[in-house]
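Novice: For reference, this is coords.tsv, and it has TSV, C-alpha atoms.
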chain	number	residue	atom	x	y	z
R	958	MET	CA	11.93	7.58	8.30
R	959	GLY	CA	13.36	5.96	5.20
R	960	VAL	CA	11.10	3.48	3.40
R	961	LEU	CA	12.71	0.11	2.64
R	962	ASN	CA	10.30	-2.30	0.98
R	963	VAL	CA	11.67	-5.81	0.54
R	964	THR	CA	8.74	-6.87	-1.61
R	965	PRO	CA	8.28	-7.66	-5.30
R	966	ASP	CA	5.06	-5.67	-5.60
R	967	SER	CA	5.07	-2.41	-3.59
R	968	PHE	CA	3.54	0.46	-5.55
R	969	SER	CA	6.68	2.58	-5.87
R	970	ASP	CA	9.81	0.50	-5.33
R	971	GLY	CA	8.74	-3.13	-5.43
R	972	GLY	CA	11.46	-5.54	-6.50
R	973	ARG	CA	14.39	-3.16	-6.01
R	974	CYS	CA	15.70	-4.49	-2.70
R	975	LEU	CA	14.82	-8.17	-2.55
R	976	ALA	CA	18.32	-9.39	-1.67
R	977	PRO	CA	19.60	-8.56	1.84
R	978	ALA	CA	22.78	-7.03	0.40
R	979	GLU	CA	20.75	-4.72	-1.86
R	980	ALA	CA	18.49	-3.78	1.05
R	981	LEU	CA	21.44	-3.02	3.32
R	982	ALA	CA	23.04	-0.85	0.64
R	983	ALA	CA	19.77	1.07	0.21
R	984	ALA	CA	19.47	1.53	3.98
R	985	ARG	CA	23.05	2.80	4.16
R	986	ARG	CA	22.32	5.39	1.45
R	987	MET	CA	19.27	6.61	3.36
R	988	VAL	CA	21.23	6.89	6.61
R	989	GLU	CA	23.94	8.83	4.80
R	990	GLU	CA	21.22	11.19	3.53
R	991	GLY	CA	19.98	11.76	7.08
R	992	ALA	CA	17.39	9.09	7.90
R	993	ARG	CA	17.06	8.44	11.62
R	994	LEU	CA	14.74	5.47	11.18
R	995	ILE	CA	14.57	2.75	8.51
R	996	ASP	CA	11.16	1.14	8.02
R	997	VAL	CA	11.50	-2.42	6.69
R	998	GLY	CA	8.38	-3.91	5.12
R	999	GLY	CA	7.81	-7.38	3.68
R	1000	GLU	CA	4.12	-7.01	2.79
R	1001	SER	CA	2.87	-4.69	0.09
R	1002	THR	CA	-0.16	-2.77	1.36
R	1003	ARG	CA	-0.94	-0.99	-1.89
R	1004	PRO	CA	-4.64	-1.05	-2.86
R	1005	GLY	CA	-5.64	-4.55	-3.94
R	1006	ALA	CA	-2.56	-6.27	-2.54
R	1007	GLU	CA	-2.80	-9.75	-1.02
R	1008	PRO	CA	-0.69	-10.54	2.05
R	1009	PRO	CA	2.19	-12.98	1.53
R	1010	PRO	CA	2.42	-16.27	3.42
R	1011	LEU	CA	3.85	-15.80	6.89
R	1012	ALA	CA	6.99	-17.78	6.13
R	1013	GLU	CA	7.67	-15.62	3.09
R	1014	GLU	CA	7.27	-12.37	5.02
R	1015	LEU	CA	9.64	-13.64	7.71
R	1016	ALA	CA	12.19	-14.68	5.08
R	1017	ARG	CA	12.02	-11.26	3.47
R	1018	VAL	CA	12.40	-9.06	6.53
R	1019	VAL	CA	14.35	-10.84	9.26
R	1020	PRO	CA	17.73	-11.05	7.47
R	1021	VAL	CA	17.41	-7.41	6.42
R	1022	VAL	CA	16.51	-6.20	9.91
R	1023	ARG	CA	19.41	-8.19	11.35
R	1024	ALA	CA	21.89	-6.79	8.82
R	1025	ILE	CA	20.82	-3.18	9.34
R	1026	ALA	CA	20.77	-3.46	13.12
R	1027	ALA	CA	24.25	-4.99	13.13
R	1028	THR	CA	25.77	-2.54	10.68
R	1029	LEU	CA	24.14	0.89	10.86
R	1030	ASP	CA	23.54	3.40	13.64
R	1031	VAL	CA	19.82	3.86	13.02
R	1032	VAL	CA	16.48	2.94	14.57
R	1033	VAL	CA	15.01	-0.03	12.73
R	1034	SER	CA	11.24	-0.17	12.26
R	1035	ILE	CA	9.32	-3.26	11.16
R	1036	ASP	CA	6.25	-2.61	9.01
R	1037	THR	CA	3.99	-5.56	9.81
R	1038	SER	CA	0.68	-6.60	11.32
R	1039	ARG	CA	1.68	-10.13	12.36
R	1040	ALA	CA	2.65	-11.20	15.86
R	1041	ALA	CA	5.23	-13.72	14.66
R	1042	VAL	CA	6.95	-11.13	12.48
R	1043	ILE	CA	6.95	-8.60	15.32
R	1044	GLU	CA	8.65	-11.07	17.64
R	1045	ALA	CA	11.21	-12.24	15.08
R	1046	ALA	CA	12.04	-8.74	13.87
R	1047	VAL	CA	12.53	-7.34	17.36
R	1048	GLU	CA	14.74	-10.30	18.23
R	1049	ALA	CA	16.75	-9.46	15.09
R	1050	GLY	CA	17.17	-5.84	16.21
R	1051	ALA	CA	14.03	-3.85	15.35
R	1052	HIS	CA	12.98	-1.16	17.83
R	1053	LEU	CA	9.64	0.05	16.45
R	1054	VAL	CA	6.55	-1.76	15.15
R	1055	ASN	CA	4.79	0.19	12.40
R	1056	ASP	CA	1.39	-1.42	11.83
R	1057	VAL	CA	-0.94	-0.15	9.10
R	1058	ARG	CA	-3.74	-2.08	10.83
R	1059	GLY	CA	-3.18	-0.22	14.09
R	1060	LEU	CA	-2.41	-3.35	16.15
R	1061	ARG	CA	-6.09	-4.30	15.97
R	1062	ASP	CA	-5.07	-7.97	16.04
R	1063	PRO	CA	-4.94	-8.82	19.77
R	1064	ALA	CA	-2.03	-11.19	19.14
R	1065	ALA	CA	-0.02	-8.46	17.42
R	1066	LEU	CA	-0.75	-5.98	20.21
R	1067	ALA	CA	0.24	-8.53	22.85
R	1068	ALA	CA	3.44	-9.36	20.97
R	1069	ALA	CA	4.45	-5.71	20.68
R	1070	ALA	CA	3.87	-5.21	24.40
R	1071	ARG	CA	5.68	-8.43	25.30
R	1072	VAL	CA	8.86	-7.60	23.37
R	1073	GLY	CA	8.93	-4.02	24.64
R	1074	ALA	CA	8.85	-2.33	21.24
R	1075	ALA	CA	7.71	1.18	20.50
R	1076	VAL	CA	4.68	1.21	18.20
R	1077	CYS	CA	3.18	3.32	15.45
R	1078	VAL	CA	-0.56	2.76	15.06
R	1079	MET	CA	-2.13	3.81	11.77
R	1080	HIS	CA	-5.72	4.26	10.64
R	1081	MET	CA	-6.99	2.17	7.74
R	1082	GLN	CA	-10.60	1.69	6.71
R	1083	GLY	CA	-10.98	-1.91	5.59
R	1084	GLU	CA	-8.09	-4.03	4.29
R	1085	PRO	CA	-5.61	-3.40	1.45
R	1086	GLN	CA	-7.52	-5.75	-0.85
R	1087	THR	CA	-10.71	-3.66	-0.62
R	1088	MET	CA	-9.90	-0.36	1.12
R	1089	GLN	CA	-10.17	1.81	-1.99
R	1090	ASN	CA	-13.36	0.24	-3.36
R	1091	ALA	CA	-15.75	2.72	-1.74
R	1092	PRO	CA	-14.29	4.51	1.31
R	1093	ALA	CA	-16.95	6.51	3.16
R	1094	TYR	CA	-17.10	8.66	6.29
R	1095	GLU	CA	-19.60	11.04	7.85
R	1096	ASP	CA	-16.73	13.13	9.28
R	1097	VAL	CA	-13.34	11.77	8.25
R	1098	VAL	CA	-11.32	13.94	10.64
R	1099	ALA	CA	-13.43	13.13	13.70
R	1100	GLU	CA	-13.63	9.42	12.88
R	1101	VAL	CA	-9.93	8.97	12.21
R	1102	ARG	CA	-9.01	10.96	15.31
R	1103	ALA	CA	-11.40	8.91	17.49
R	1104	TYR	CA	-9.99	5.67	16.09
R	1105	LEU	CA	-6.41	6.71	16.85
R	1106	ALA	CA	-7.36	7.83	20.35
R	1107	ALA	CA	-8.91	4.42	20.95
R	1108	ARG	CA	-5.82	2.63	19.63
R	1109	VAL	CA	-3.58	4.70	21.91
R	1110	ALA	CA	-5.80	3.70	24.84
R	1111	SER	CA	-5.61	0.03	23.82
R	1112	CYS	CA	-1.83	0.20	23.60
R	1113	ARG	CA	-1.62	1.80	27.04
R	1114	ALA	CA	-3.95	-0.85	28.46
R	1115	ALA	CA	-1.72	-3.57	26.99
R	1116	GLY	CA	1.25	-2.17	28.90
R	1117	ILE	CA	2.94	-0.08	26.20
R	1118	GLY	CA	4.31	3.14	27.67
R	1119	ALA	CA	2.89	6.51	26.69
R	1120	ASP	CA	6.33	7.56	25.44
R	1121	ALA	CA	6.49	4.55	23.09
R	1122	ILE	CA	3.37	5.22	20.99
R	1123	VAL	CA	3.15	7.10	17.68
R	1124	VAL	CA	-0.01	7.80	15.63
R	1125	ASP	CA	-0.50	7.98	11.85
R	1126	PRO	CA	-3.74	9.10	10.09
R	1127	GLY	CA	-3.04	6.71	7.22
R	1128	PHE	CA	-3.13	8.81	4.08
R	1129	GLY	CA	-4.35	6.72	1.16
R	1130	PHE	CA	-5.55	3.80	3.27
R	1131	GLY	CA	-9.29	3.66	2.73
R	1132	LYS	CA	-9.61	7.33	1.78
R	1133	THR	CA	-10.58	9.27	-1.31
R	1134	ALA	CA	-8.61	12.31	-2.46
R	1135	ALA	CA	-11.13	14.54	-0.70
R	1136	HIS	CA	-10.71	12.57	2.55
R	1137	ASN	CA	-6.92	12.87	2.32
R	1138	VAL	CA	-7.08	16.62	1.74
R	1139	ALA	CA	-9.47	17.08	4.66
R	1140	LEU	CA	-7.16	15.12	6.95
R	1141	PHE	CA	-4.13	17.08	5.87
R	1142	ALA	CA	-5.93	20.39	6.38
R	1143	ALA	CA	-6.73	19.31	9.95
R	1144	LEU	CA	-3.36	17.73	10.67
R	1145	GLU	CA	-2.78	19.76	13.82
R	1146	GLU	CA	-5.79	18.07	15.44
R	1147	PHE	CA	-3.82	14.83	15.47
R	1148	THR	CA	-0.99	16.37	17.50
R	1149	THR	CA	-3.21	16.49	20.60
R	1150	LEU	CA	-3.56	12.73	21.13
R	1151	GLY	CA	-0.67	12.48	23.56
R	1152	ALA	CA	1.56	10.76	21.01
R	1153	PRO	CA	3.95	12.00	18.31
R	1154	LEU	CA	2.41	12.29	14.85
R	1155	ALA	CA	3.81	10.35	11.89
R	1156	ILE	CA	2.75	10.87	8.29
R	1157	GLY	CA	3.42	9.02	5.07
R	1158	VAL	CA	2.55	10.70	1.79
R	1159	SER	CA	5.71	10.01	-0.22
R	1160	ARG	CA	4.86	9.29	-3.90
R	1161	LYS	CA	1.29	8.37	-2.96
R	1162	SER	CA	-1.86	8.77	-5.03
R	1163	LEU	CA	-2.69	12.00	-3.18
R	1164	VAL	CA	0.38	13.60	-4.75
R	1165	GLY	CA	-0.64	12.27	-8.14
R	1166	GLN	CA	-4.19	13.52	-7.75
R	1167	LEU	CA	-3.02	16.99	-6.77
R	1168	THR	CA	-0.33	17.28	-9.44
R	1169	GLY	CA	-1.33	14.91	-12.23
R	1170	ARG	CA	2.09	13.27	-12.01
R	1171	PRO	CA	2.86	9.52	-12.26
R	1172	VAL	CA	4.68	7.79	-9.40
R	1173	ALA	CA	8.15	8.39	-10.84
R	1174	GLN	CA	7.53	12.18	-11.04
R	1175	ARG	CA	6.12	12.87	-7.57
R	1176	LEU	CA	9.24	14.07	-5.75
R	1177	ALA	CA	8.37	17.78	-5.73
R	1178	GLY	CA	4.81	17.17	-4.58
R	1179	SER	CA	5.96	14.74	-1.91
R	1180	VAL	CA	8.50	17.12	-0.39
R	1181	ALA	CA	5.99	19.97	-0.46
R	1182	LEU	CA	3.58	17.90	1.63
R	1183	ALA	CA	6.43	16.86	3.92
R	1184	ALA	CA	7.26	20.51	4.62
R	1185	LEU	CA	3.62	21.31	5.34
R	1186	ALA	CA	3.33	18.27	7.62
R	1187	ALA	CA	6.39	19.29	9.63
R	1188	GLU	CA	5.07	22.85	9.91
R	1189	ARG	CA	1.80	21.44	11.25
R	1190	GLY	CA	3.41	19.27	13.91
R	1191	ALA	CA	4.42	15.94	12.36
R	1192	ARG	CA	7.41	14.48	14.19
R	1193	ILE	CA	8.09	11.53	11.87
R	1194	VAL	CA	7.88	11.80	8.08
R	1195	ARG	CA	8.04	8.54	6.12
R	1196	ALA	CA	9.79	9.01	2.78
R	1197	HIS	CA	11.38	7.25	-0.17
R	1198	ASP	CA	13.57	10.25	-1.10
R	1199	VAL	CA	15.31	10.92	2.19
R	1200	GLY	CA	17.73	13.74	1.38
R	1201	ALA	CA	15.24	15.99	-0.38
R	1202	THR	CA	12.54	15.24	2.17
R	1203	LEU	CA	14.81	16.05	5.11
R	1204	ASP	CA	15.53	19.47	3.62
R	1205	ALA	CA	11.79	20.10	3.30
R	1206	VAL	CA	11.08	18.86	6.83
R	1207	ARG	CA	13.75	21.13	8.31
R	1208	ILE	CA	12.24	24.14	6.56
R	1209	GLY	CA	8.70	23.22	7.59
R	1210	ALA	CA	9.72	22.60	11.19
R	1211	ALA	CA	11.48	25.97	11.36
R	1212	PHE	CA	8.16	27.68	10.65
R	1213	GLY	CA	6.09	25.47	12.95
R	1214	ARG	CA	3.90	27.64	15.10
R	1215	ASP	CA	4.92	27.63	18.79
R	1216	ARG	CA	6.79	24.37	18.45
R	1217	GLY	CA	10.44	25.17	17.97
R	1218	GLY	CA	12.98	22.40	18.08
R	1219	GLU	CA	14.99	20.89	15.27
R	1220	ALA	CA	13.73	18.26	12.81
Represent the structure contained in this file as structure tokens.

Specialist:
Amino acid sequence: MGVLNVTPDSFSDGGRCLAPAEALAAARRMVEEGARLIDVGGESTRPGAEPPPLAEELARVVPVVRAIAATLDVVVSIDTSRAAVIEAAVEAGAHLVNDVRGLRDPAALAAAARVGAAVCVMHMQGEPQTMQNAPAYEDVVAEVRAYLAARVASCRAAGIGADAIVVDPGFGFGKTAAHNVALFAALEEFTTLGAPLAIGVSRKSLVGQLTGRPVAQRLAGSVALAALAAERGARIVRAHDVGATLDAVRIGAAFGRDRGGEA
């Protein structure tokens, strides 16, 4: 899953793809490198970020989704938590709703079900503005797993098919470095929720904490984690550096225990 942020303030690539033509060119490059999904986001969810006005988010993402859907042979994902954005993006050609808030908003959940989109529900403790202030868990693996199981059940109850739900533990969203490491060590436990597992660690603080590298120097660490994630059962890997990450995912998947299949 190639990351395409059409925001001025995302932690890694904010401001690079604000114009629809720039965004389409970036999406084309990722597809050429092997991306099978393009995740379009109009709200930065980095720690401390404030959500944009609804009209601004719509103006950022809808033209980009429409252009990609009309031009490229790729699944388009919309990274949003808002019902109105879900509806507009799916009408423009999006197929998947990727919500960092796990479709906790009843209106967003109802919208996703109504438009017939597939969904990816992620775990986040708190909100982006405050999530890294003091994240705390008694048992991070058990709590995140229980949350995702509950969100899967809520999606099913809303009418979303079992084959249209993906889960994401939410690395870096209301977690310390120790929490992230514990989740990654137990990644296989999240493959038993009856939904494919997605992970996003590309260029994140976890890579920086493990390597001491700034954002611009986190490629090697990111692809190493991608390979490990694929080996441990992740089916979708969200990445900024598609070509290098795909190589790592293919290698990791080849060594996945009792899984087989091709990444």

Novice: Please list as a VMD selection string every residue within 8 Å of R:Val1022, counting all atoms listed in the file and excluding residues in the same chain fewer than 4 positions away.

Specialist: chain R and resid 997 1018 1026 1033 1035 1046 1049 to 1051

Novice: Could you save those same residues with C-alpha atoms as a PDB file, in the frame of the given file?

Specialist:
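File written: result23.pdb
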ATOM      1  CA  VAL R 997      11.500  -2.420   6.690  1.00  0.00           C
ATOM      2  CA  VAL R1018      12.400  -9.060   6.530  1.00  0.00           C
ATOM      3  CA  ALA R1026      20.770  -3.460  13.120  1.00  0.00           C
ATOM      4  CA  VAL R1033      15.010  -0.030  12.730  1.00  0.00           C
ATOM      5  CA  ILE R1035       9.320  -3.260  11.160  1.00  0.00           C
ATOM      6  CA  ALA R1046      12.040  -8.740  13.870  1.00  0.00           C
ATOM      7  CA  ALA R1049      16.750  -9.460  15.090  1.00  0.00           C
ATOM      8  CA  GLY R1050      17.170  -5.840  16.210  1.00  0.00           C
ATOM      9  CA  ALA R1051      14.030  -3.850  15.350  1.00  0.00           C
TER      10      ALA R1051
END

Novice: Kindly indicate which residue among R:Gly1200, R:Gly1129, R:Pro977, R:Gly1213 lies nearest to R:Ala1187, using only C-alpha atoms for the distances.

Specialist: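 Closest candidate: R:Gly1213.
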
Novice: Using Å and a single decimal, report how far atom CA of R:Ala1069 sits from atom CA of R:Ala1119.

Specialist: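 Between atom CA of R:Ala1119 and atom CA of R:Ala1069 the gap is 13.7 Å.
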
Novice: Using all atoms listed in the file, can you tell me which of R:Ala984, R:Val1164, R:Ala992, R:Leu1060 comes closest to R:Ile1117?

Specialist: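 Using all atoms listed in the file, the shortest distance to R:Ile1117 belongs to R:Leu1060.
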
Novice: Give me, as a count of residues only, all polymer residues having an atom no more than 10 Å from R:Arg1175, counting all atoms listed in the file and skipping those fewer than 4 positions away in the same chain.

Specialist: 13

Novice: Which one is closest to R:Ala982: R:Val1109, R:Met958, R:Leu1029, R:Ala1186? Count all atoms listed in the file.

Specialist: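 Closest to R:Ala982 of all the choices is R:Leu1029.
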
Novice: Would you mind completing stretch 1096-1112 of chain R to N, CA and C atoms and writing the output as a compact mmCIF listing (two decimals), in the coordinates of the input?

Specialist:
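Generated file (rebuild33.txt):
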# COMPACT_ATOMS: atom_id res chain seq x y z
N ASP R 1096 -17.67 12.06 8.94
CA ASP R 1096 -16.73 13.13 9.28
C ASP R 1096 -15.37 12.48 9.38
N VAL R 1097 -14.58 12.53 8.30
CA VAL R 1097 -13.34 11.77 8.25
C VAL R 1097 -12.37 12.19 9.34
N VAL R 1098 -12.27 13.48 9.63
CA VAL R 1098 -11.32 13.94 10.64
C VAL R 1098 -11.71 13.42 12.02
N ALA R 1099 -12.97 13.57 12.38
CA ALA R 1099 -13.43 13.13 13.70
C ALA R 1099 -13.32 11.62 13.85
N GLU R 1100 -13.66 10.88 12.79
CA GLU R 1100 -13.63 9.42 12.88
C GLU R 1100 -12.22 8.88 12.96
N VAL R 1101 -11.32 9.43 12.16
CA VAL R 1101 -9.93 8.97 12.21
C VAL R 1101 -9.30 9.34 13.55
N ARG R 1102 -9.58 10.54 14.03
CA ARG R 1102 -9.01 10.96 15.31
C ARG R 1102 -9.53 10.07 16.45
N ALA R 1103 -10.83 9.76 16.44
CA ALA R 1103 -11.40 8.91 17.49
C ALA R 1103 -10.80 7.50 17.44
N TYR R 1104 -10.61 6.99 16.24
CA TYR R 1104 -9.99 5.67 16.09
C TYR R 1104 -8.58 5.66 16.68
N LEU R 1105 -7.78 6.67 16.34
CA LEU R 1105 -6.41 6.71 16.85
C LEU R 1105 -6.38 6.89 18.37
N ALA R 1106 -7.29 7.68 18.90
CA ALA R 1106 -7.36 7.83 20.35
C ALA R 1106 -7.66 6.49 21.01
N ALA R 1107 -8.56 5.73 20.39
CA ALA R 1107 -8.91 4.42 20.95
C ALA R 1107 -7.74 3.45 20.85
N ARG R 1108 -6.98 3.53 19.76
CA ARG R 1108 -5.82 2.63 19.63
C ARG R 1108 -4.74 3.00 20.64
N VAL R 1109 -4.54 4.29 20.88
CA VAL R 1109 -3.58 4.70 21.91
C VAL R 1109 -4.01 4.13 23.26
N ALA R 1110 -5.29 4.23 23.57
CA ALA R 1110 -5.80 3.70 24.84
C ALA R 1110 -5.59 2.19 24.93
N SER R 1111 -5.81 1.48 23.83
CA SER R 1111 -5.61 0.03 23.82
C SER R 1111 -4.14 -0.32 24.03
N CYS R 1112 -3.26 0.43 23.41
CA CYS R 1112 -1.83 0.20 23.60
C CYS R 1112 -1.42 0.44 25.05
